[in-house]
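Following: one structure in structure tokens, then a few remarks.
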Amino acid sequence: MYGAIHVPSEKGEATRTYLLEKELLDETRKIQKLNTEKGVFLEIPVKKNVGTKIGSFSVIKPEKPLFFKKTKSLKSHLKAILSEEELALVPSGWQVLGELLIVNIPEALTHRKALIAKTLLLMYPKCTGVVQDFGIEGQFRRPKREILIGTKTETINKEQGCLFKLDVMKLMYSKGNLFEKKRMSRLGGGEVVVDMFAGIGYFSIPMAVHARPQKIYSIELNPESFAYLQENIRLNRVEDIIVPLKGDCAKVTPKGLADRVIMGYVGSTHNYLEAALKAFKKSGGVLHYHETVPEKLAKRRPAARIKKTAKALGKKVEILECRRIKKYSPGVLHVVVDAWIFE
Ligand SMILES: C[S@@+](CC[C@H](N)C(=O)[O-])C[C@H]1O[C@@H](n2cnc3c(N)ncnc32)[C@H](O)[C@@H]1O
């Protein structure tokens with residue numbers, strides 16, 4: 001059975017993003033507006049077999065489901081040319097960043113990569129280039145990539161009404177974490193915020209554009225990311241809000257001024273907790289601490305690390321929430337802990 005939930009229109013975008021992030025949204029059907037006696041509602045399509053409730057919303061059977069026109073998949077475009085074995089390996093997903101397509105073509109299809117790139121470009125007439133992705137590595141999250149078609153590797157990606165310029169050969173762009181990025185864009189109004197691992201401004205820019213904090217100190221160590229962070233501040237006209245700081249956040253994080261600190265980095269985030277906690281005002285503030293953690297330890301370890309650092313600095317902690325962002329690797333979760341830090 002096709003399912004849907006009815007959501008008050010003002011909660012529509014937040015709910016849609018939540019469902020998308022949790023992979024519950026049925027993207028083959030359209031969202032419909034319903035004018036009822038109780039107000040305006042949105043009927044949001046959800047996938048089959050999601051149960052009878054999502055949060056406080058009941059899953060109902062929609063009266064008239066509306067479907068998007070089916071676009072041909074990459075596989076079906078290549079059906080007449082590739083063998084069954086090759087077709088089975090054809091990627092079913094890719095990233096569209098501005099005018100560029102980033103795709104991970106498996107090694108076994110290397111002899112077909114030019115054809116796959118050309119076909120993808122036919123499917124996206126507005127795009128001008130295709131880049132093969134081999135993954136990201138190191139502290140700077142530097143991508144390993146190869147140009148398949150095109151010459152221009154700098155592009156501007158639009159997300160949440162913000163512009164993000166980057167060179168896809170030099171920098172990664174995390175298209176995931178959309179729910180977290182939206183959540184951050186609603187927080188921080190009127191506050192002083194420190195974004196410790198700012199990248200090209202993934203959290204700082206939407207927060208500055210939409211929530212308009214008093215100041216955001218955005219720290220970035222990689223000179224290439226930092227240059228684009230500066231450019232994106234100008235492109236989004238938030239020079240009056242964002243102060244970009246180049247350097248290692250263990251050393252350059254300002255002290256004693258923050259109402260909110262974002263630690264949007266995983267791997268060794270705990271090593272920077274001392275700098276993060278020292279950034280808060282005496283009156284306290286909210287920490288958003290990201291960590292990748294084995295599933296079994298997810299409820300305890302991130303919170304314990306924050307408490308241990310706070311204790312050593314003579315600060316107090318109240319854990320507000322621990323949320324799973326996504327599965328990071330088999331058995332490992334990417335989580336974010338919100339904590340109130342005070343003296
Ligand atoms: C994965 S990006 C995170 C960007 C963004 N928050 C997101 O969710 O996509 C992490 C950024 O932290 C930067 N970084 C890593 N270690 C750092 C440090 N010690 N000080 C400042 N920036 C650092 C990296 O260069 C990278 O641009």
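Going by the structure tokens order, chains are called A, B, ..., each with residues numbered from 1, while ligands are numbered from 1 in the order shown.
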
Expected answer as a count of residues only: residues within 10 Å of ligand 1, only C-alpha atoms and all ligand atoms: 56

When you look at region 148-163 of chain A with a cut-off of 6 Å (counting only C-alpha atoms), what residues show up, excluding the ones that are within fewer than 2 positions of it in the same chain? I need them as a PDB file with C-alpha atoms, in the first residue's frame.
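Everything below was put into around-v3.pdb:
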```
ATOM      1  CA  LEU A  97      27.481  19.619  -7.602  1.00  0.00           C
ATOM      2  CA  GLY A  98      26.545  22.749  -9.495  1.00  0.00           C
ATOM      3  CA  GLY A 129      31.731  17.924 -16.713  1.00  0.00           C
ATOM      4  CA  VAL A 130      32.058  14.474 -15.150  1.00  0.00           C
ATOM      5  CA  VAL A 131      34.605  13.470 -12.517  1.00  0.00           C
ATOM      6  CA  LYS A 165      31.886  27.552  -4.491  1.00  0.00           C
ATOM      7  CA  LEU A 166      34.555  24.854  -4.566  1.00  0.00           C
ATOM      8  CA  ASP A 167      37.000  23.021  -6.782  1.00  0.00           C
ATOM      9  CA  VAL A 168      35.843  19.396  -6.832  1.00  0.00           C
TER      10      VAL A 168
END
```

Any chance you could list, as an NGL selection string, the residues in region 117-309 of chain A that come up strand (DSSP E) when DSSP is run on the backbone? :A and (129-137 or 142-149 or 154-159 or 162-167 or 192-195 or 215-220 or 242-246 or 260-263 or 285-294)

Could you pull out the helix (DSSP H, G or I) residues of region 136-231 of chain A, going by DSSP on the backbone, and write them as a PyMOL selection string? chain A and resi 178-185+204-211+223-231

Residue selection dump (C-alpha atoms) as a short mmCIF file (atom, residue, chain, number, x, y, z; two decimals), in the first residue's frame:
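Output contents, as saved in part.cif:
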```cif
data_model
loop_
_atom_site.label_atom_id
_atom_site.label_comp_id
_atom_site.auth_asym_id
_atom_site.auth_seq_id
_atom_site.Cartn_x
_atom_site.Cartn_y
_atom_site.Cartn_z
CA LEU A 178 21.33 17.49 5.31
CA PHE A 179 19.11 17.25 8.39
CA GLU A 180 21.97 18.46 10.60
CA LYS A 181 22.82 21.30 8.20
CA LYS A 182 19.16 22.41 8.22
CA ARG A 183 19.02 22.15 12.00
CA MET A 184 22.14 24.31 12.33
CA SER A 185 20.67 26.87 9.93
CA SER A 204 28.60 28.61 9.00
CA ILE A 205 27.09 29.95 5.75
CA PRO A 206 23.49 28.64 6.16
CA MET A 207 23.53 29.65 9.83
CA ALA A 208 24.70 33.18 8.92
CA VAL A 209 22.20 33.49 6.05
CA HIS A 210 19.14 32.11 7.83
CA ALA A 211 19.58 32.46 11.62
CA PRO A 223 44.45 26.72 2.93
CA GLU A 224 42.43 25.58 -0.11
CA SER A 225 39.22 25.17 1.94
CA PHE A 226 39.96 28.44 3.70
CA ALA A 227 40.21 30.35 0.40
CA TYR A 228 36.79 29.03 -0.65
CA LEU A 229 35.37 29.78 2.82
CA GLN A 230 36.43 33.43 2.31
CA GLU A 231 34.95 33.44 -1.19
#
```

What does the structure give for the distance between CA of Tyr2 (chain A) and CA of Val46 (chain A), in Å to one decimal?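 Separation between CA of Tyr2 (chain A) and CA of Val46 (chain A): 7.5 Å.
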
Neighbour list for Ile216 (chain A) as an NGL selection string, cut-off 7 Å, only C-alpha atoms, skip fewer than 4 positions in-chain: :A and (192-195 or 204 or 241-243)

Leaving out Leu320 (chain A) and any residue of its chain fewer than 2 positions from it, which residues lie within 8 Å of it when counting only C-alpha atoms, given as a PDB file with C-alpha atoms, in the first residue's frame?
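Below you can see part_22.pdb, which holds the result:
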```
ATOM      1  CA  GLU A 318      24.254  18.670  30.950  1.00  0.00           C
ATOM      2  CA  CYS A 322      22.551  12.334  21.420  1.00  0.00           C
ATOM      3  CA  VAL A 337      25.820  15.131  21.018  1.00  0.00           C
ATOM      4  CA  ASP A 338      24.236  18.410  22.095  1.00  0.00           C
ATOM      5  CA  ALA A 339      25.436  19.447  25.536  1.00  0.00           C
ATOM      6  CA  TRP A 340      24.965  22.484  27.758  1.00  0.00           C
TER       7      TRP A 340
END
```

Excluding Arg145 (chain A) and its own-chain neighbours fewer than 4 positions away, which residues fall within 8 Å of it when counting only C-alpha atoms? Please give them as a JSON list (two decimals) with N, CA and C atoms, in the first residue's frame.
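Result file follows (part.json):
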```json
[["chain", "number", "residue", "atom", "x", "y", "z"],
["A", 131, "VAL", "N", 33.37, 13.78, -13.25],
["A", 131, "VAL", "CA", 34.60, 13.47, -12.52],
["A", 131, "VAL", "C", 34.45, 12.12, -11.82],
["A", 132, "GLN", "N", 35.49, 11.29, -11.96],
["A", 132, "GLN", "CA", 35.48, 9.98, -11.28],
["A", 132, "GLN", "C", 35.98, 10.17, -9.85],
["A", 133, "ASP", "N", 35.29, 9.56, -8.90],
["A", 133, "ASP", "CA", 35.66, 9.70, -7.49],
["A", 133, "ASP", "C", 36.27, 8.40, -6.97],
["A", 134, "PHE", "N", 37.40, 8.51, -6.26],
["A", 134, "PHE", "CA", 38.03, 7.31, -5.67],
["A", 134, "PHE", "C", 37.99, 7.36, -4.15],
["A", 135, "GLY", "N", 37.23, 8.29, -3.57],
["A", 135, "GLY", "CA", 37.14, 8.38, -2.10],
["A", 135, "GLY", "C", 37.90, 9.58, -1.55],
["A", 169, "MET", "N", 38.15, 18.95, -7.56],
["A", 169, "MET", "CA", 39.36, 18.14, -7.59],
["A", 169, "MET", "C", 40.15, 18.30, -6.29]]
```

Find the spatial neighbours of Lys61 (chain A), counting only C-alpha atoms, within a cut-off of 8 Å - ignore same-chain residues fewer than 2 positions away - and output them as a VMD selection string. chain A and resid 1 to 4 59 63
